[in-house]
Each structure stands twice: as C-alpha cells, then as structure tokens.
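Shown next: data_8.cif, containing mmCIF, C-alpha atoms.
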data_model
#
loop_
_atom_site.label_atom_id
_atom_site.label_comp_id
_atom_site.auth_asym_id
_atom_site.auth_seq_id
_atom_site.Cartn_x
_atom_site.Cartn_y
_atom_site.Cartn_z
CA MET A 1 -27.50 8.89 34.65
CA ASN A 2 -27.63 6.45 31.76
CA LYS A 3 -29.42 9.04 29.61
CA LYS A 4 -26.68 11.57 30.36
CA ASN A 5 -23.98 9.06 29.43
CA SER A 6 -25.81 8.18 26.23
CA LEU A 7 -26.17 11.89 25.34
CA MET A 8 -22.47 12.52 26.02
CA GLN A 9 -21.49 9.56 23.87
CA LYS A 10 -23.59 10.87 20.99
CA LEU A 11 -22.10 14.35 21.34
CA CYS A 12 -18.57 12.93 21.39
CA ALA A 13 -19.30 10.84 18.32
CA ALA A 14 -20.94 13.71 16.42
CA PRO A 15 -17.71 15.27 15.05
CA HIS A 16 -16.55 11.89 13.77
CA ILE A 17 -19.92 11.24 12.13
CA VAL A 18 -19.94 14.65 10.47
CA TRP A 19 -16.35 14.16 9.29
CA SER A 20 -17.17 10.73 7.87
CA VAL A 21 -20.23 12.02 6.03
CA ILE A 22 -18.42 15.02 4.50
CA PHE A 23 -15.15 13.36 3.55
CA ILE A 24 -16.17 9.72 2.96
CA VAL A 25 -19.86 9.29 2.21
CA VAL A 26 -20.32 12.39 0.06
CA PRO A 27 -17.21 11.79 -2.15
CA LEU A 28 -18.20 8.15 -2.65
CA ALA A 29 -21.72 9.19 -3.59
CA MET A 30 -20.32 11.69 -6.09
CA VAL A 31 -18.12 9.00 -7.67
CA VAL A 32 -21.11 6.69 -8.08
CA TYR A 33 -23.24 9.54 -9.48
CA TYR A 34 -20.69 10.62 -12.07
CA ALA A 35 -19.93 7.02 -13.05
CA LEU A 36 -23.58 6.28 -13.81
CA THR A 37 -24.54 9.51 -15.59
CA ASP A 38 -23.64 11.31 -18.82
CA ASN A 39 -22.74 14.95 -19.41
CA ASN A 40 -26.42 15.93 -19.21
CA GLY A 41 -26.91 14.24 -15.85
CA ASN A 42 -29.00 11.41 -17.30
CA PHE A 43 -28.56 7.83 -16.16
CA SER A 44 -26.14 5.98 -18.43
CA THR A 45 -24.01 2.85 -18.38
CA VAL A 46 -21.82 3.95 -21.29
CA ASN A 47 -18.90 4.74 -18.99
CA ILE A 48 -19.08 1.30 -17.40
CA GLU A 49 -19.26 -0.38 -20.80
CA ARG A 50 -16.05 1.38 -21.91
CA LEU A 51 -14.05 -0.20 -19.07
CA GLY A 52 -13.38 -3.29 -21.17
CA ASP A 53 -10.96 -1.25 -23.27
CA TYR A 54 -8.68 -0.95 -20.23
CA THR A 55 -8.63 -4.58 -19.14
CA THR A 56 -4.91 -4.84 -19.94
CA THR A 57 -4.19 -1.76 -17.83
CA PHE A 58 -6.16 -3.17 -14.90
CA LEU A 59 -4.31 -6.48 -15.16
CA ARG A 60 -0.94 -4.73 -15.42
CA SER A 61 -1.71 -2.67 -12.31
CA ILE A 62 -2.74 -5.75 -10.35
CA TRP A 63 0.26 -7.76 -11.56
CA LEU A 64 2.83 -5.10 -10.65
CA GLY A 65 1.04 -4.58 -7.33
CA ILE A 66 1.32 -8.30 -6.59
CA ILE A 67 5.04 -8.34 -7.49
CA ALA A 68 5.74 -5.32 -5.28
CA THR A 69 3.76 -6.86 -2.42
CA VAL A 70 5.60 -10.19 -2.64
CA ILE A 71 8.99 -8.46 -2.70
CA CYS A 72 8.01 -6.35 0.31
CA LEU A 73 6.92 -9.49 2.17
CA VAL A 74 10.16 -11.34 1.39
CA ILE A 75 12.21 -8.39 2.66
CA ALA A 76 9.98 -7.36 5.56
CA TYR A 77 9.38 -10.72 7.23
CA PRO A 78 12.99 -11.59 8.14
CA LEU A 79 13.68 -7.92 8.89
CA ALA A 80 10.73 -7.75 11.30
CA TYR A 81 11.91 -10.98 12.94
CA ILE A 82 15.43 -9.62 13.41
CA ILE A 83 14.06 -6.42 14.95
CA SER A 84 11.70 -8.28 17.28
CA GLN A 85 14.56 -10.44 18.58
CA SER A 86 16.79 -7.45 19.36
CA LYS A 87 17.04 -5.49 22.59
CA LEU A 88 14.40 -2.85 23.23
CA ARG A 89 16.75 0.05 22.58
CA VAL A 90 17.92 -1.54 19.34
CA GLN A 91 14.31 -2.18 18.32
CA SER A 92 13.43 1.48 18.76
CA THR A 93 16.45 2.55 16.73
CA MET A 94 15.77 0.12 13.89
CA VAL A 95 12.09 1.07 13.69
CA MET A 96 13.10 4.73 13.57
CA LEU A 97 15.55 4.02 10.73
CA ILE A 98 12.78 2.31 8.79
CA MET A 99 10.48 5.27 9.34
CA ILE A 100 12.98 8.05 8.53
CA PRO A 101 12.34 7.89 4.74
CA MET A 102 8.62 8.26 5.44
CA TRP A 103 9.28 11.64 7.04
CA MET A 104 10.57 12.92 3.70
CA ASN A 105 8.17 14.20 1.08
CA PHE A 106 6.85 11.45 -1.22
CA LEU A 107 7.74 13.47 -4.33
CA LEU A 108 11.31 13.99 -3.19
CA ARG A 109 11.77 10.28 -2.55
CA THR A 110 10.56 9.47 -6.05
CA TYR A 111 12.71 12.15 -7.68
CA SER A 112 15.71 10.75 -5.80
CA TRP A 113 15.20 7.38 -7.47
CA MET A 114 14.96 9.11 -10.84
CA ALA A 115 18.41 10.61 -10.23
CA LEU A 116 19.75 7.18 -9.27
CA LEU A 117 18.25 5.19 -12.16
CA GLU A 118 18.67 7.53 -15.12
CA ASP A 119 20.92 6.48 -18.01
CA SER A 120 23.48 9.04 -16.83
CA GLY A 121 22.45 8.73 -13.20
CA VAL A 122 24.42 7.85 -10.12
CA ILE A 123 24.22 4.05 -10.49
CA ASN A 124 25.18 3.94 -14.16
CA THR A 125 27.97 6.46 -13.54
CA LEU A 126 29.46 4.29 -10.80
CA LEU A 127 29.13 1.18 -12.96
CA GLY A 128 30.86 3.02 -15.79
CA TYR A 129 33.95 3.51 -13.64
CA ILE A 130 34.41 -0.27 -13.52
CA GLY A 131 33.55 -0.78 -17.19
CA ILE A 132 29.98 -2.05 -16.76
CA GLY A 133 26.87 -0.66 -18.38
CA PRO A 134 25.15 1.62 -18.87
CA PHE A 135 21.95 -0.27 -18.19
CA LYS A 136 18.41 0.81 -19.05
CA MET A 137 16.82 1.10 -15.61
CA ILE A 138 14.55 4.13 -15.75
CA ASN A 139 11.20 4.06 -17.59
CA THR A 140 10.78 0.31 -17.06
CA GLN A 141 8.40 -1.89 -15.11
CA GLY A 142 11.29 -2.84 -12.86
CA ALA A 143 11.82 0.80 -11.92
CA VAL A 144 8.11 1.19 -11.11
CA VAL A 145 8.14 -1.92 -8.90
CA LEU A 146 11.30 -0.66 -7.20
CA GLY A 147 9.59 2.64 -6.44
CA MET A 148 6.59 0.80 -4.99
CA VAL A 149 8.77 -1.40 -2.81
CA TYR A 150 10.84 1.51 -1.54
CA ASN A 151 7.84 3.70 -0.69
CA PHE A 152 5.56 1.04 0.77
CA LEU A 153 8.00 -1.34 2.51
CA PRO A 154 7.46 0.24 5.97
CA PHE A 155 3.76 -0.57 5.67
CA MET A 156 4.73 -4.24 5.48
CA VAL A 157 7.42 -4.22 8.16
CA LEU A 158 5.47 -2.51 10.92
CA PRO A 159 2.35 -4.75 11.07
CA ILE A 160 4.51 -7.89 11.02
CA TYR A 161 6.86 -6.47 13.66
CA SER A 162 3.95 -5.44 15.91
CA VAL A 163 2.73 -9.06 15.92
CA MET A 164 6.16 -10.68 16.19
CA VAL A 165 7.18 -8.59 19.18
CA LYS A 166 4.19 -10.05 21.06
CA LEU A 167 4.98 -13.65 20.07
CA ASP A 168 5.24 -15.93 23.10
CA LYS A 169 8.79 -17.30 23.08
CA ASN A 170 7.66 -20.17 25.30
CA LEU A 171 5.80 -21.62 22.32
CA VAL A 172 9.01 -21.70 20.29
CA GLU A 173 10.95 -23.26 23.15
CA ALA A 174 8.21 -25.85 23.68
CA ALA A 175 8.29 -26.83 20.02
CA GLN A 176 12.09 -27.16 20.14
CA ASP A 177 11.89 -29.29 23.31
CA LEU A 178 9.45 -31.60 21.53
CA GLY A 179 12.02 -32.20 18.77
CA ALA A 180 10.84 -29.78 16.10
CA ASN A 181 13.56 -28.57 13.76
CA LYS A 182 13.89 -24.95 12.61
CA ILE A 183 11.69 -25.48 9.57
CA ASN A 184 8.91 -27.03 11.63
CA VAL A 185 9.17 -24.34 14.29
CA PHE A 186 8.75 -21.68 11.63
CA SER A 187 5.96 -23.40 9.69
CA LYS A 188 4.00 -24.70 12.70
CA VAL A 189 4.55 -21.99 15.32
CA ILE A 190 6.07 -18.70 14.16
CA PHE A 191 4.34 -18.17 10.82
CA PRO A 192 0.78 -19.13 11.95
CA SER A 193 1.19 -16.87 14.99
CA THR A 194 2.22 -13.92 12.82
CA LEU A 195 -0.18 -14.54 9.94
CA SER A 196 -2.46 -11.68 10.99
CA GLY A 197 0.42 -9.21 10.70
CA VAL A 198 1.36 -10.63 7.30
CA VAL A 199 -2.20 -10.21 6.02
CA SER A 200 -2.39 -6.67 7.36
CA GLY A 201 0.91 -5.82 5.69
CA ILE A 202 -0.20 -7.32 2.38
CA THR A 203 -3.34 -5.19 2.43
CA MET A 204 -1.46 -2.01 3.34
CA VAL A 205 1.05 -2.50 0.51
CA PHE A 206 -1.13 -3.96 -2.24
CA VAL A 207 -3.86 -1.31 -2.10
CA PRO A 208 -1.62 1.76 -2.67
CA SER A 209 0.52 -0.16 -5.17
CA VAL A 210 -2.46 -0.92 -7.41
CA SER A 211 -3.84 2.62 -7.25
CA THR A 212 -0.58 4.59 -7.51
CA PHE A 213 0.04 6.93 -10.43
CA TYR A 214 2.90 9.25 -9.48
CA ILE A 215 5.47 6.45 -9.17
CA SER A 216 4.56 5.05 -12.59
CA GLN A 217 4.64 8.52 -14.17
CA LYS A 218 8.10 9.43 -12.89
CA LEU A 219 9.84 6.04 -12.86
CA GLY A 220 7.87 4.60 -15.79
CA GLY A 221 8.20 7.69 -17.93
CA GLY A 222 4.94 7.05 -19.75
CA ASN A 223 6.07 3.59 -20.86
CA VAL A 224 4.38 1.85 -17.91
CA VAL A 225 0.77 3.01 -17.71
CA LEU A 226 -1.24 1.90 -14.68
CA ILE A 227 -4.90 2.38 -13.95
CA GLY A 228 -4.08 5.27 -11.63
CA ASP A 229 -2.48 7.07 -14.57
CA ILE A 230 -5.61 6.62 -16.68
CA ILE A 231 -7.82 7.96 -13.88
CA GLU A 232 -5.55 10.95 -13.31
CA MET A 233 -5.52 11.65 -17.06
CA GLN A 234 -9.33 11.65 -17.26
CA PHE A 235 -9.58 14.29 -14.54
CA GLN A 236 -6.54 16.44 -15.30
CA VAL A 237 -6.21 16.25 -19.11
CA SER A 238 -9.39 14.98 -20.76
CA ASN A 239 -11.81 16.58 -18.26
CA ASN A 240 -13.94 13.47 -18.62
CA PHE A 241 -15.10 13.26 -15.03
CA HIS A 242 -17.75 10.64 -15.78
CA PHE A 243 -15.40 8.07 -17.26
CA GLY A 244 -12.76 8.86 -14.64
CA ALA A 245 -15.35 8.23 -11.95
CA ALA A 246 -16.31 4.91 -13.59
CA LEU A 247 -12.67 3.80 -13.54
CA SER A 248 -12.35 4.94 -9.93
CA LEU A 249 -15.51 3.07 -8.98
CA VAL A 250 -14.29 -0.23 -10.43
CA LEU A 251 -10.87 0.19 -8.84
CA MET A 252 -12.51 1.01 -5.53
CA ILE A 253 -14.66 -2.12 -5.71
CA LEU A 254 -11.60 -4.27 -6.45
CA ILE A 255 -9.75 -2.73 -3.51
CA LEU A 256 -12.73 -3.22 -1.18
CA ILE A 257 -12.98 -6.88 -2.21
CA CYS A 258 -9.26 -7.31 -1.52
CA MET A 259 -9.57 -5.64 1.89
CA ALA A 260 -12.63 -7.73 2.77
CA VAL A 261 -10.78 -10.94 1.97
CA MET A 262 -7.66 -9.83 3.86
CA ASN A 263 -9.68 -8.72 6.90
CA LYS A 264 -10.94 -12.27 7.29
CA PHE A 265 -7.42 -13.18 8.39
CA GLY A 266 -6.17 -9.82 9.66
CA ASP A 267 -5.67 -8.51 13.17
CA PRO A 268 -7.10 -5.06 14.00
CA GLU A 269 -4.44 -4.62 16.69
CA ALA A 270 -1.68 -5.06 14.08
CA ASP A 271 -3.27 -2.42 11.84
CA GLU A 272 -3.74 -0.06 14.76
CA ALA A 273 -0.17 -0.52 15.96
CA ALA A 274 1.24 0.08 12.50
CA GLY A 275 -0.94 3.10 11.97
CA GLY A 276 0.09 4.53 15.31
CA VAL A 277 3.77 4.27 14.47
CA ILE A 278 3.26 5.77 11.02
CA LEU A 279 1.29 8.71 12.38
#

Would you mind giving the structure from this file in structure tokens?
Amino acid sequence: MNKKNSLMQKLCAAPHIVWSVIFIVVPLAMVVYYALTDNNGNFSTVNIERLGDYTTTFLRSIWLGIIATVICLVIAYPLAYIISQSKLRVQSTMVMLIMIPMWMNFLLRTYSWMALLEDSGVINTLLGYIGIGPFKMINTQGAVVLGMVYNFLPFMVLPIYSVMVKLDKNLVEAAQDLGANKINVFSKVIFPSTLSGVVSGITMVFVPSVSTFYISQKLGGGNVVLIGDIIEMQFQVSNNFHFGAALSLVLMILILICMAVMNKFGDPEADEAAGGVIL
C-alpha cells in the first residue's frame, strides 16, 4: 500500500517537475551559459568584466525600486489596516476595488498614465484652467516611480491585509487594558504581528520594480534608463545575447539575495494568500 502511495505521489509530481525543468532550470542554465561564453561558444569572462560600466544604472534601478517600495508601504499599511477593520462585505468590496486595475492590460495602464502626465495631458490641462503650470511630469524619475507605485501597489496591500485580517484583537485589547497608548500598541503589538506580511509585500514590490523596463521606457521617455532597459536593448537592438545574459545573471543574483533575506522574516501563508487573490 505504501509503495502504491509513493508511486502515485511521484506520478502526481511528475508534471510539476517536468514543467520546472523546462521553464525554470533550462532557461537559467541558458542564461549562465551565454553569460560565461563568447560568440564562438568559448568560456569567457569578458561579459562579466564589462558590468562595471553599468554600475550607475544598477544603482539607479535599486534606488528607484527602494523609493517605490517605501511609498507603496506607506500607502498600503494604513489602507490594509482600514480594510481589515471593516465589515466582511466591505472588505470584499475594497479588495475588489484594489484588484480591478490589475484586470486591465499592463500596457494600457501605463499608456493611461502617459496621457495623464504629458505636457499637454489631462493633468496639465486641468491645471491650466486655474492658471497653474504646465509642469514637466512625463519623462522624469518621478513619473517612473509613480508608474511603479501604481502598478505594484496591490502586491503590497494584499500580503499585509492577509496578515492583518488574522490579527488577534484580544492582544490589542490586552495591551490597552495594561495602559499602553496607541503608539505602544502599534509598535509593540500590531506591527510585530504583521511584520511577515510587510516583508512579503516588500519583496513582491521591490523585485519587479528593480527589473522593470516598460514603465521606464514609456514614463521615462529614454531619460531614465534602468537595468531592465539595458537588458532589453541587448536582446532586441544590439543582438548581444551574451552581454545581455551577463546583465540578467547579475540582476538575478541580486534579486535572489534580496528574496533570501526577506524570506528570513516572511510568512509563506501571506505570500500564498496574496498570490491566490491575484490569480
């Protein structure tokens, strides 16, 4: 009986293993291969040595990713708390409202912000009616960060909300009965209890923010170049797959380090809950 169960488990796991090998292991192996070889297929570290020329771009990508992540956290934390304290029907409605933009195509959402932020766009036109502006909003770092925040904010809200909604209110009441003020209740009870959701949200926002390229292309207009833009250029324009793979490899290592650090504090249940809602 045990042998039959073991065989069934292996058969059930086989499709997942095959999928992982084809779409995860093989692509990663190809990235490593191209990064460490030249056009003739010989081993070479030239592509890795060239990465120093793009240190500024790497730092810019990380910096803007950090800014976008912090802004998302500042907005998402109180929003998730408000949702978690609402009635169940209101919670469902508010979560749906947060998710509605995610049902729209990513390209359309970005193009919409282009129409809003252009020099003759909607915002500047409205400001012109009251004698203000026009302001230079498009093709700036601020526009790129705004695009990141808008597109990735739900990935911060949902993990925090999924943890907050399970927070034991008796702990808060106990702290209040013991004389803790609102600041102490938040710092000693609420925030530590929801830290896993915060860490999960930070990971889910920071990783795509650092590696994005479409947002920076459309809202940055070529003036804000991120590492994702350089990688995309190597594959689509320069046809330099080896150097593009080297850039991708370094970016992947940085992201894996970030995820490893975040997972030390994260909660798998928060990630799973957020992923379930998104899917």

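CA of Pro78 in chain A to CA of Thr93 in chain A spans 16.9 Å [interatomic distance, one decimal].
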
### Separation of CA of Gly220 in chain A from CA of Ala68 in chain A, in Å and rounded to one decimal
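Between CA of Gly220 in chain A and CA of Ala68 in chain A the gap is 14.6 Å.
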
### Task
Using only C-alpha atoms, pick whichever of A:Ala260, A:Ile17, A:Gly221, A:Ala246 has the shortest atom-to-atom distance to Val207 in chain A.
A:Ala260

### Task
Identify which of the residues A:Thr69, A:Gln85, A:Ser187, A:Asn124 lies closest to Thr203 in chain A, counting all atoms listed in the file when measuring atom-to-atom distances.
A:Thr69

### Task
Using all atoms listed in the file, determine which residues lie at most 9 Å from Ser193 in chain A, disregarding the query and same-chain residues fewer than 3 positions distant; provide the list as a list in words.
Val163, Met164, Leu167, Lys188, Val189, Ile190, Ser196 and Gly197 of chain A

With C-alpha atoms kept, could you save the residues just selected as a PDB file, in the coordinates of the input?
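Once written, selection14.pdb looks like this:
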ATOM      1  CA  VAL A 163       2.730  -9.060  15.920  1.00  0.00           C
ATOM      2  CA  MET A 164       6.160 -10.680  16.190  1.00  0.00           C
ATOM      3  CA  LEU A 167       4.980 -13.650  20.070  1.00  0.00           C
ATOM      4  CA  LYS A 188       4.000 -24.700  12.700  1.00  0.00           C
ATOM      5  CA  VAL A 189       4.550 -21.990  15.320  1.00  0.00           C
ATOM      6  CA  ILE A 190       6.070 -18.700  14.160  1.00  0.00           C
ATOM      7  CA  SER A 196      -2.460 -11.680  10.990  1.00  0.00           C
ATOM      8  CA  GLY A 197       0.420  -9.210  10.700  1.00  0.00           C
TER       9      GLY A 197
END

### Neighbour residues at most 8 Å from (11.7, 6.0, 2.8) (all atoms listed in the file) as JSON, numbers by chain
{"A": [98, 99, 100, 101, 102, 103, 104, 109, 150, 151, 154]}

### Message
For the provided coordinates, the residues matched by the PyMOL selection byres ((chain A and resi 134) around 8) should be stated as a list of chain:residue names.
### Response
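Going through the file, the PyMOL selection byres ((chain A and resi 134) around 8) ends up selecting A:Asp119, A:Ser120, A:Asn124, A:Thr125, A:Leu127, A:Gly128, A:Ile132, A:Gly133, A:Phe135, A:Lys136.
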
### Query
Quick one: of A:Arg60, A:His242, A:Lys264, A:Lys169, who's nearest to Asn47 in chain A, counting only C-alpha atoms?
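Looking only at the distances to Asn47 in chain A, the closest residue turns out to be A:His242.
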
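Comparing the minimum interatomic distances between Lys218 in chain A and each of A:Ile231, A:Leu108, A:Val261, A:Leu178, counting all atoms listed in the file, we find that A:Leu108 sits nearest.
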
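Between CA of Ile66 in chain A and CA of Thr140 in chain A lies a distance of 16.5 Å.
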
### Task
Tell me which residues the PyMOL selection byres ((chain A and resi 49-54) around 12) grabs here, as number ranges by chain.
A: 35-36, 44-48, 55-61, 225-231, 242-251

How about saving the chosen residues, C-alpha atoms kept, as a CSV table (one decimal), in the frame of the given file?
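Saved as result.csv:
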chain,number,residue,atom,x,y,z
A,35,ALA,CA,-19.9,7.0,-13.0
A,36,LEU,CA,-23.6,6.3,-13.8
A,44,SER,CA,-26.1,6.0,-18.4
A,45,THR,CA,-24.0,2.8,-18.4
A,46,VAL,CA,-21.8,4.0,-21.3
A,47,ASN,CA,-18.9,4.7,-19.0
A,48,ILE,CA,-19.1,1.3,-17.4
A,55,THR,CA,-8.6,-4.6,-19.1
A,56,THR,CA,-4.9,-4.8,-19.9
A,57,THR,CA,-4.2,-1.8,-17.8
A,58,PHE,CA,-6.2,-3.2,-14.9
A,59,LEU,CA,-4.3,-6.5,-15.2
A,60,ARG,CA,-0.9,-4.7,-15.4
A,61,SER,CA,-1.7,-2.7,-12.3
A,225,VAL,CA,0.8,3.0,-17.7
A,226,LEU,CA,-1.2,1.9,-14.7
A,227,ILE,CA,-4.9,2.4,-14.0
A,228,GLY,CA,-4.1,5.3,-11.6
A,229,ASP,CA,-2.5,7.1,-14.6
A,230,ILE,CA,-5.6,6.6,-16.7
A,231,ILE,CA,-7.8,8.0,-13.9
A,242,HIS,CA,-17.8,10.6,-15.8
A,243,PHE,CA,-15.4,8.1,-17.3
A,244,GLY,CA,-12.8,8.9,-14.6
A,245,ALA,CA,-15.4,8.2,-12.0
A,246,ALA,CA,-16.3,4.9,-13.6
A,247,LEU,CA,-12.7,3.8,-13.5
A,248,SER,CA,-12.4,4.9,-9.9
A,249,LEU,CA,-15.5,3.1,-9.0
A,250,VAL,CA,-14.3,-0.2,-10.4
A,251,LEU,CA,-10.9,0.2,-8.8
